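Chemist: You'll find entry.txt just under this line, and it carries compact mmCIF, N, CA and C atoms.
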```
# COMPACT_ATOMS: atom_id res chain seq x y z
N MET A 183 -49.40 13.20 21.04
CA MET A 183 -49.30 13.35 19.61
C MET A 183 -49.45 11.97 18.96
N ALA A 184 -50.19 11.90 17.93
CA ALA A 184 -50.44 10.64 17.24
C ALA A 184 -49.17 10.18 16.53
N GLU A 185 -49.00 8.89 16.51
CA GLU A 185 -47.84 8.31 15.86
C GLU A 185 -48.04 8.35 14.34
N SER A 186 -46.95 8.57 13.62
CA SER A 186 -47.07 8.70 12.17
C SER A 186 -47.42 7.34 11.55
N LEU A 187 -48.06 7.41 10.44
CA LEU A 187 -48.46 6.21 9.71
C LEU A 187 -47.21 5.41 9.31
N PHE A 188 -46.17 6.11 8.91
CA PHE A 188 -44.93 5.44 8.51
C PHE A 188 -44.38 4.58 9.64
N ASN A 189 -44.31 5.14 10.86
CA ASN A 189 -43.79 4.39 12.00
C ASN A 189 -44.66 3.18 12.32
N ARG A 190 -45.96 3.32 12.21
CA ARG A 190 -46.87 2.21 12.50
C ARG A 190 -46.69 1.08 11.48
N VAL A 191 -46.59 1.46 10.20
CA VAL A 191 -46.39 0.44 9.16
C VAL A 191 -45.03 -0.23 9.32
N ARG A 192 -44.02 0.56 9.62
CA ARG A 192 -42.67 0.01 9.82
C ARG A 192 -42.67 -1.00 10.95
N ARG A 193 -43.34 -0.70 12.06
CA ARG A 193 -43.41 -1.61 13.19
C ARG A 193 -44.11 -2.90 12.79
N LEU A 194 -45.22 -2.80 12.05
CA LEU A 194 -45.95 -3.99 11.61
C LEU A 194 -45.10 -4.88 10.69
N VAL A 195 -44.39 -4.25 9.76
CA VAL A 195 -43.55 -5.01 8.84
C VAL A 195 -42.41 -5.69 9.60
N SER A 196 -41.79 -4.96 10.51
CA SER A 196 -40.69 -5.53 11.30
C SER A 196 -41.19 -6.71 12.13
N ALA A 197 -42.34 -6.57 12.76
CA ALA A 197 -42.90 -7.65 13.56
C ALA A 197 -43.23 -8.86 12.70
N SER A 198 -43.79 -8.62 11.53
CA SER A 198 -44.13 -9.72 10.62
C SER A 198 -42.89 -10.46 10.16
N ILE A 199 -41.87 -9.73 9.84
CA ILE A 199 -40.62 -10.36 9.40
C ILE A 199 -40.01 -11.15 10.55
N GLY A 200 -40.03 -10.59 11.73
CA GLY A 200 -39.51 -11.30 12.90
C GLY A 200 -40.26 -12.59 13.16
N ASP A 201 -41.60 -12.52 13.10
CA ASP A 201 -42.42 -13.72 13.30
C ASP A 201 -42.14 -14.76 12.21
N LEU A 202 -41.99 -14.31 10.98
CA LEU A 202 -41.70 -15.22 9.88
C LEU A 202 -40.35 -15.92 10.09
N ALA A 203 -39.36 -15.17 10.50
CA ALA A 203 -38.03 -15.76 10.76
C ALA A 203 -38.11 -16.78 11.88
N ASP A 204 -38.83 -16.45 12.96
CA ASP A 204 -38.99 -17.39 14.07
C ASP A 204 -39.67 -18.67 13.60
N ALA A 205 -40.73 -18.55 12.80
CA ALA A 205 -41.45 -19.72 12.31
C ALA A 205 -40.56 -20.58 11.42
N MET A 206 -39.75 -19.93 10.57
CA MET A 206 -38.86 -20.68 9.68
C MET A 206 -37.80 -21.42 10.49
N GLU A 207 -37.28 -20.78 11.54
CA GLU A 207 -36.28 -21.45 12.37
C GLU A 207 -36.87 -22.66 13.07
N LYS A 208 -38.09 -22.52 13.57
CA LYS A 208 -38.74 -23.65 14.25
C LYS A 208 -39.02 -24.78 13.28
N ALA A 209 -39.45 -24.46 12.07
CA ALA A 209 -39.79 -25.48 11.08
C ALA A 209 -38.56 -26.20 10.57
N GLY A 210 -37.47 -25.51 10.43
CA GLY A 210 -36.25 -26.11 9.87
C GLY A 210 -35.16 -26.20 10.91
N GLY A 211 -35.47 -26.76 12.06
CA GLY A 211 -34.52 -26.81 13.17
C GLY A 211 -33.18 -27.41 12.81
N THR A 212 -33.17 -28.55 12.12
CA THR A 212 -31.89 -29.18 11.79
C THR A 212 -31.14 -28.36 10.75
N ALA A 213 -31.87 -27.77 9.81
CA ALA A 213 -31.21 -26.95 8.79
C ALA A 213 -30.57 -25.72 9.44
N VAL A 214 -31.29 -25.13 10.38
CA VAL A 214 -30.75 -23.96 11.08
C VAL A 214 -29.52 -24.36 11.88
N MET A 215 -29.57 -25.52 12.52
CA MET A 215 -28.42 -25.99 13.30
C MET A 215 -27.23 -26.26 12.38
N ARG A 216 -27.46 -26.85 11.22
CA ARG A 216 -26.35 -27.08 10.28
C ARG A 216 -25.73 -25.77 9.83
N GLU A 217 -26.56 -24.77 9.57
CA GLU A 217 -26.03 -23.46 9.17
C GLU A 217 -25.25 -22.82 10.30
N ALA A 218 -25.73 -22.98 11.52
CA ALA A 218 -24.99 -22.45 12.67
C ALA A 218 -23.62 -23.11 12.79
N ILE A 219 -23.58 -24.41 12.54
CA ILE A 219 -22.30 -25.13 12.59
C ILE A 219 -21.38 -24.63 11.48
N ARG A 220 -21.93 -24.40 10.29
CA ARG A 220 -21.11 -23.87 9.19
C ARG A 220 -20.57 -22.48 9.55
N GLU A 221 -21.38 -21.65 10.19
CA GLU A 221 -20.92 -20.33 10.61
C GLU A 221 -19.78 -20.43 11.62
N VAL A 222 -19.91 -21.37 12.56
CA VAL A 222 -18.85 -21.57 13.55
C VAL A 222 -17.58 -22.06 12.85
N ASP A 223 -17.72 -22.99 11.91
CA ASP A 223 -16.56 -23.47 11.17
C ASP A 223 -15.86 -22.34 10.41
N ARG A 224 -16.65 -21.45 9.80
CA ARG A 224 -16.06 -20.30 9.09
C ARG A 224 -15.33 -19.38 10.08
N ALA A 225 -15.93 -19.19 11.24
CA ALA A 225 -15.28 -18.34 12.26
C ALA A 225 -13.97 -18.96 12.71
N ILE A 226 -13.94 -20.27 12.89
CA ILE A 226 -12.71 -20.96 13.28
C ILE A 226 -11.65 -20.80 12.20
N ASP A 227 -12.05 -20.95 10.94
CA ASP A 227 -11.10 -20.76 9.83
C ASP A 227 -10.54 -19.34 9.82
N ASP A 228 -11.40 -18.37 10.07
CA ASP A 228 -10.95 -16.97 10.11
C ASP A 228 -9.95 -16.75 11.23
N VAL A 229 -10.23 -17.33 12.39
CA VAL A 229 -9.32 -17.18 13.54
C VAL A 229 -7.98 -17.85 13.25
N ARG A 230 -8.02 -19.02 12.63
CA ARG A 230 -6.76 -19.71 12.28
C ARG A 230 -5.93 -18.88 11.31
N ALA A 231 -6.59 -18.29 10.32
CA ALA A 231 -5.87 -17.46 9.35
C ALA A 231 -5.26 -16.24 10.04
N GLU A 232 -6.03 -15.63 10.93
CA GLU A 232 -5.53 -14.46 11.66
C GLU A 232 -4.36 -14.85 12.56
N LEU A 233 -4.46 -16.01 13.21
CA LEU A 233 -3.38 -16.49 14.07
C LEU A 233 -2.10 -16.70 13.26
N SER A 234 -2.23 -17.24 12.07
CA SER A 234 -1.07 -17.44 11.20
C SER A 234 -0.44 -16.10 10.83
N ALA A 235 -1.27 -15.13 10.48
CA ALA A 235 -0.77 -13.81 10.10
C ALA A 235 -0.07 -13.14 11.28
N VAL A 236 -0.64 -13.28 12.45
CA VAL A 236 -0.03 -12.68 13.65
C VAL A 236 1.31 -13.36 13.94
N GLY A 237 1.36 -14.68 13.77
CA GLY A 237 2.62 -15.40 13.99
C GLY A 237 3.71 -14.92 13.04
N THR A 238 3.35 -14.70 11.79
CA THR A 238 4.30 -14.20 10.80
C THR A 238 4.80 -12.81 11.19
N LYS A 239 3.88 -11.95 11.59
CA LYS A 239 4.29 -10.59 12.00
C LYS A 239 5.18 -10.64 13.24
N ARG A 240 4.89 -11.57 14.15
CA ARG A 240 5.70 -11.70 15.36
C ARG A 240 7.13 -12.12 15.00
N ARG A 241 7.25 -13.10 14.11
CA ARG A 241 8.59 -13.54 13.70
C ARG A 241 9.35 -12.42 12.99
N GLN A 242 8.66 -11.63 12.17
CA GLN A 242 9.30 -10.49 11.51
C GLN A 242 9.77 -9.47 12.54
N ALA A 243 8.96 -9.22 13.54
CA ALA A 243 9.34 -8.27 14.58
C ALA A 243 10.54 -8.78 15.36
N GLU A 244 10.57 -10.08 15.66
CA GLU A 244 11.72 -10.65 16.38
C GLU A 244 13.00 -10.51 15.57
N ARG A 245 12.91 -10.76 14.24
CA ARG A 245 14.09 -10.59 13.38
C ARG A 245 14.54 -9.12 13.36
N HIS A 246 13.58 -8.22 13.29
CA HIS A 246 13.91 -6.79 13.27
C HIS A 246 14.58 -6.38 14.58
N ILE A 247 14.07 -6.88 15.69
CA ILE A 247 14.68 -6.57 17.00
C ILE A 247 16.11 -7.11 17.05
N LYS A 248 16.31 -8.33 16.54
CA LYS A 248 17.65 -8.92 16.54
C LYS A 248 18.62 -8.09 15.69
N LEU A 249 18.19 -7.72 14.48
CA LEU A 249 19.05 -6.92 13.60
C LEU A 249 19.34 -5.54 14.20
N THR A 250 18.34 -4.95 14.83
CA THR A 250 18.54 -3.65 15.46
C THR A 250 19.52 -3.77 16.62
N GLY A 251 19.42 -4.85 17.38
CA GLY A 251 20.37 -5.08 18.48
C GLY A 251 21.79 -5.25 17.96
N GLN A 252 21.94 -5.98 16.85
CA GLN A 252 23.27 -6.16 16.26
C GLN A 252 23.83 -4.82 15.77
N HIS A 253 22.98 -4.03 15.15
CA HIS A 253 23.41 -2.72 14.65
C HIS A 253 23.81 -1.83 15.83
N LEU A 254 23.06 -1.87 16.89
CA LEU A 254 23.38 -1.08 18.10
C LEU A 254 24.72 -1.53 18.67
N GLN A 255 24.97 -2.84 18.69
CA GLN A 255 26.23 -3.36 19.20
C GLN A 255 27.40 -2.86 18.34
N GLN A 256 27.22 -2.87 17.01
CA GLN A 256 28.27 -2.39 16.11
C GLN A 256 28.55 -0.91 16.34
N LEU A 257 27.48 -0.13 16.48
CA LEU A 257 27.67 1.31 16.72
C LEU A 257 28.34 1.56 18.06
N THR A 258 28.00 0.77 19.07
CA THR A 258 28.62 0.91 20.39
C THR A 258 30.11 0.61 20.30
N GLU A 259 30.46 -0.45 19.58
CA GLU A 259 31.87 -0.80 19.42
C GLU A 259 32.63 0.30 18.68
N LYS A 260 32.03 0.83 17.63
CA LYS A 260 32.67 1.91 16.89
C LYS A 260 32.84 3.15 17.75
N ALA A 261 31.82 3.46 18.55
CA ALA A 261 31.90 4.64 19.43
C ALA A 261 32.99 4.44 20.48
N GLN A 262 33.08 3.24 21.04
CA GLN A 262 34.12 2.97 22.04
C GLN A 262 35.50 3.05 21.41
N PHE A 263 35.65 2.54 20.21
CA PHE A 263 36.93 2.61 19.50
C PHE A 263 37.31 4.07 19.24
N ALA A 264 36.34 4.85 18.76
CA ALA A 264 36.62 6.26 18.45
C ALA A 264 36.99 7.02 19.71
N LEU A 265 36.27 6.77 20.80
CA LEU A 265 36.62 7.44 22.04
C LEU A 265 37.97 6.98 22.57
N GLY A 266 38.32 5.71 22.32
CA GLY A 266 39.64 5.19 22.72
C GLY A 266 40.75 5.86 21.93
N GLN A 267 40.44 6.31 20.73
CA GLN A 267 41.41 7.00 19.90
C GLN A 267 41.33 8.51 20.13
N GLU A 268 40.56 8.89 21.12
CA GLU A 268 40.33 10.30 21.46
C GLU A 268 39.73 11.07 20.27
N ARG A 269 38.85 10.39 19.57
CA ARG A 269 38.11 10.99 18.46
C ARG A 269 36.65 11.05 18.85
N ASP A 270 36.25 12.17 19.34
CA ASP A 270 34.87 12.30 19.76
C ASP A 270 33.99 12.90 18.66
N ASP A 271 34.52 12.97 17.44
CA ASP A 271 33.73 13.46 16.32
C ASP A 271 32.85 12.33 15.82
```
Please, can you express the file's structure as structure tokens?

Modeler:
Amino acid sequence: MAESLFNRVRRLVSASIGDLADAMEKAGGTAVMREAIREVDRAIDDVRAELSAVGTKRRQAERHIKLTGQHLQQLTEKAQFALGQERDD
């Protein structure tokens, strides 16, 4: 079956754009390298921001665990006191 005209034109346009991008990268090697460095710097900044957010969430979780442990200890003491008084209600 013959390939549709649309697919053939799409392939030609895609190839032309790819060739154009390759030629531009070769012609502007240092500019492309500077942009790549800027992209890496942005990625590093994003990772640092995410690391900070994760650290904050970790500290919040640790505080929550500590408070929950204290609450559990208080309830345990109250339960032991009530059972010592023979109050199982």

Chemist: Quick one: pull the distance between atom N of His246 of chain A and atom N of Ala231 of chain A, Å, one decimal.

Modeler: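 Taking atom N of His246 of chain A and atom N of Ala231 of chain A, their separation equals 22.7 Å.
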
Chemist: Provide the atom N of Asn189 of chain A to atom N of Asp204 of chain A distance in Å, to one decimal place.

Modeler: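 Taking atom N of Asn189 of chain A and atom N of Asp204 of chain A, their separation equals 22.4 Å.
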
Chemist: Enter the distance from atom CA of Ala218 of chain A to atom C of Met206 of chain A, in Å, rounded to one decimal.

Modeler: 13.0 Å

Chemist: With N, CA, C and O atoms as the goal, would you fill in the gaps in segment 191-210 of chain A and present it as a PDB file, keeping the file's coordinate frame?

Modeler:
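See out-v9.pdb below for the written result:
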```pdb
ATOM      1  N   VAL A 191     -46.590   1.460  10.200  1.00  0.00           N
ATOM      2  CA  VAL A 191     -46.390   0.440   9.160  1.00  0.00           C
ATOM      3  C   VAL A 191     -45.030  -0.230   9.320  1.00  0.00           C
ATOM      4  O   VAL A 191     -44.911  -1.448   9.186  1.00  0.00           O
ATOM      5  N   ARG A 192     -44.020   0.560   9.620  1.00  0.00           N
ATOM      6  CA  ARG A 192     -42.670   0.010   9.820  1.00  0.00           C
ATOM      7  C   ARG A 192     -42.670  -1.000  10.950  1.00  0.00           C
ATOM      8  O   ARG A 192     -42.081  -2.074  10.846  1.00  0.00           O
ATOM      9  N   ARG A 193     -43.340  -0.700  12.060  1.00  0.00           N
ATOM     10  CA  ARG A 193     -43.410  -1.610  13.190  1.00  0.00           C
ATOM     11  C   ARG A 193     -44.110  -2.900  12.790  1.00  0.00           C
ATOM     12  O   ARG A 193     -43.681  -3.999  13.144  1.00  0.00           O
ATOM     13  N   LEU A 194     -45.220  -2.800  12.050  1.00  0.00           N
ATOM     14  CA  LEU A 194     -45.950  -3.990  11.610  1.00  0.00           C
ATOM     15  C   LEU A 194     -45.100  -4.880  10.690  1.00  0.00           C
ATOM     16  O   LEU A 194     -45.084  -6.095  10.821  1.00  0.00           O
ATOM     17  N   VAL A 195     -44.390  -4.250   9.760  1.00  0.00           N
ATOM     18  CA  VAL A 195     -43.550  -5.010   8.840  1.00  0.00           C
ATOM     19  C   VAL A 195     -42.410  -5.690   9.600  1.00  0.00           C
ATOM     20  O   VAL A 195     -42.127  -6.874   9.391  1.00  0.00           O
ATOM     21  N   SER A 196     -41.790  -4.960  10.510  1.00  0.00           N
ATOM     22  CA  SER A 196     -40.690  -5.530  11.300  1.00  0.00           C
ATOM     23  C   SER A 196     -41.190  -6.710  12.130  1.00  0.00           C
ATOM     24  O   SER A 196     -40.530  -7.754  12.212  1.00  0.00           O
ATOM     25  N   ALA A 197     -42.340  -6.570  12.760  1.00  0.00           N
ATOM     26  CA  ALA A 197     -42.900  -7.650  13.560  1.00  0.00           C
ATOM     27  C   ALA A 197     -43.230  -8.860  12.700  1.00  0.00           C
ATOM     28  O   ALA A 197     -42.956 -10.002  13.080  1.00  0.00           O
ATOM     29  N   SER A 198     -43.790  -8.620  11.530  1.00  0.00           N
ATOM     30  CA  SER A 198     -44.130  -9.720  10.620  1.00  0.00           C
ATOM     31  C   SER A 198     -42.890 -10.460  10.160  1.00  0.00           C
ATOM     32  O   SER A 198     -42.871 -11.698  10.113  1.00  0.00           O
ATOM     33  N   ILE A 199     -41.870  -9.730   9.840  1.00  0.00           N
ATOM     34  CA  ILE A 199     -40.620 -10.360   9.400  1.00  0.00           C
ATOM     35  C   ILE A 199     -40.010 -11.150  10.550  1.00  0.00           C
ATOM     36  O   ILE A 199     -39.534 -12.274  10.356  1.00  0.00           O
ATOM     37  N   GLY A 200     -40.030 -10.590  11.730  1.00  0.00           N
ATOM     38  CA  GLY A 200     -39.510 -11.300  12.900  1.00  0.00           C
ATOM     39  C   GLY A 200     -40.260 -12.590  13.160  1.00  0.00           C
ATOM     40  O   GLY A 200     -39.676 -13.645  13.429  1.00  0.00           O
ATOM     41  N   ASP A 201     -41.600 -12.520  13.100  1.00  0.00           N
ATOM     42  CA  ASP A 201     -42.420 -13.720  13.300  1.00  0.00           C
ATOM     43  C   ASP A 201     -42.140 -14.760  12.210  1.00  0.00           C
ATOM     44  O   ASP A 201     -42.075 -15.955  12.483  1.00  0.00           O
ATOM     45  N   LEU A 202     -41.990 -14.310  10.980  1.00  0.00           N
ATOM     46  CA  LEU A 202     -41.700 -15.220   9.880  1.00  0.00           C
ATOM     47  C   LEU A 202     -40.350 -15.920  10.090  1.00  0.00           C
ATOM     48  O   LEU A 202     -40.244 -17.138   9.903  1.00  0.00           O
ATOM     49  N   ALA A 203     -39.360 -15.170  10.500  1.00  0.00           N
ATOM     50  CA  ALA A 203     -38.030 -15.760  10.760  1.00  0.00           C
ATOM     51  C   ALA A 203     -38.110 -16.780  11.880  1.00  0.00           C
ATOM     52  O   ALA A 203     -37.516 -17.866  11.795  1.00  0.00           O
ATOM     53  N   ASP A 204     -38.830 -16.450  12.960  1.00  0.00           N
ATOM     54  CA  ASP A 204     -38.990 -17.390  14.070  1.00  0.00           C
ATOM     55  C   ASP A 204     -39.670 -18.670  13.600  1.00  0.00           C
ATOM     56  O   ASP A 204     -39.244 -19.780  13.954  1.00  0.00           O
ATOM     57  N   ALA A 205     -40.730 -18.550  12.800  1.00  0.00           N
ATOM     58  CA  ALA A 205     -41.450 -19.720  12.310  1.00  0.00           C
ATOM     59  C   ALA A 205     -40.560 -20.580  11.420  1.00  0.00           C
ATOM     60  O   ALA A 205     -40.584 -21.817  11.502  1.00  0.00           O
ATOM     61  N   MET A 206     -39.750 -19.930  10.570  1.00  0.00           N
ATOM     62  CA  MET A 206     -38.860 -20.680   9.680  1.00  0.00           C
ATOM     63  C   MET A 206     -37.800 -21.420  10.490  1.00  0.00           C
ATOM     64  O   MET A 206     -37.444 -22.559  10.168  1.00  0.00           O
ATOM     65  N   GLU A 207     -37.280 -20.780  11.540  1.00  0.00           N
ATOM     66  CA  GLU A 207     -36.280 -21.450  12.370  1.00  0.00           C
ATOM     67  C   GLU A 207     -36.870 -22.660  13.070  1.00  0.00           C
ATOM     68  O   GLU A 207     -36.230 -23.703  13.187  1.00  0.00           O
ATOM     69  N   LYS A 208     -38.090 -22.520  13.570  1.00  0.00           N
ATOM     70  CA  LYS A 208     -38.740 -23.650  14.250  1.00  0.00           C
ATOM     71  C   LYS A 208     -39.020 -24.780  13.280  1.00  0.00           C
ATOM     72  O   LYS A 208     -38.849 -25.958  13.611  1.00  0.00           O
ATOM     73  N   ALA A 209     -39.450 -24.460  12.070  1.00  0.00           N
ATOM     74  CA  ALA A 209     -39.790 -25.480  11.080  1.00  0.00           C
ATOM     75  C   ALA A 209     -38.560 -26.200  10.570  1.00  0.00           C
ATOM     76  O   ALA A 209     -38.600 -27.395  10.292  1.00  0.00           O
ATOM     77  N   GLY A 210     -37.470 -25.510  10.430  1.00  0.00           N
ATOM     78  CA  GLY A 210     -36.250 -26.110   9.870  1.00  0.00           C
ATOM     79  C   GLY A 210     -35.160 -26.200  10.910  1.00  0.00           C
ATOM     80  O   GLY A 210     -34.050 -25.753  10.666  1.00  0.00           O
TER      81      GLY A 210
END
```
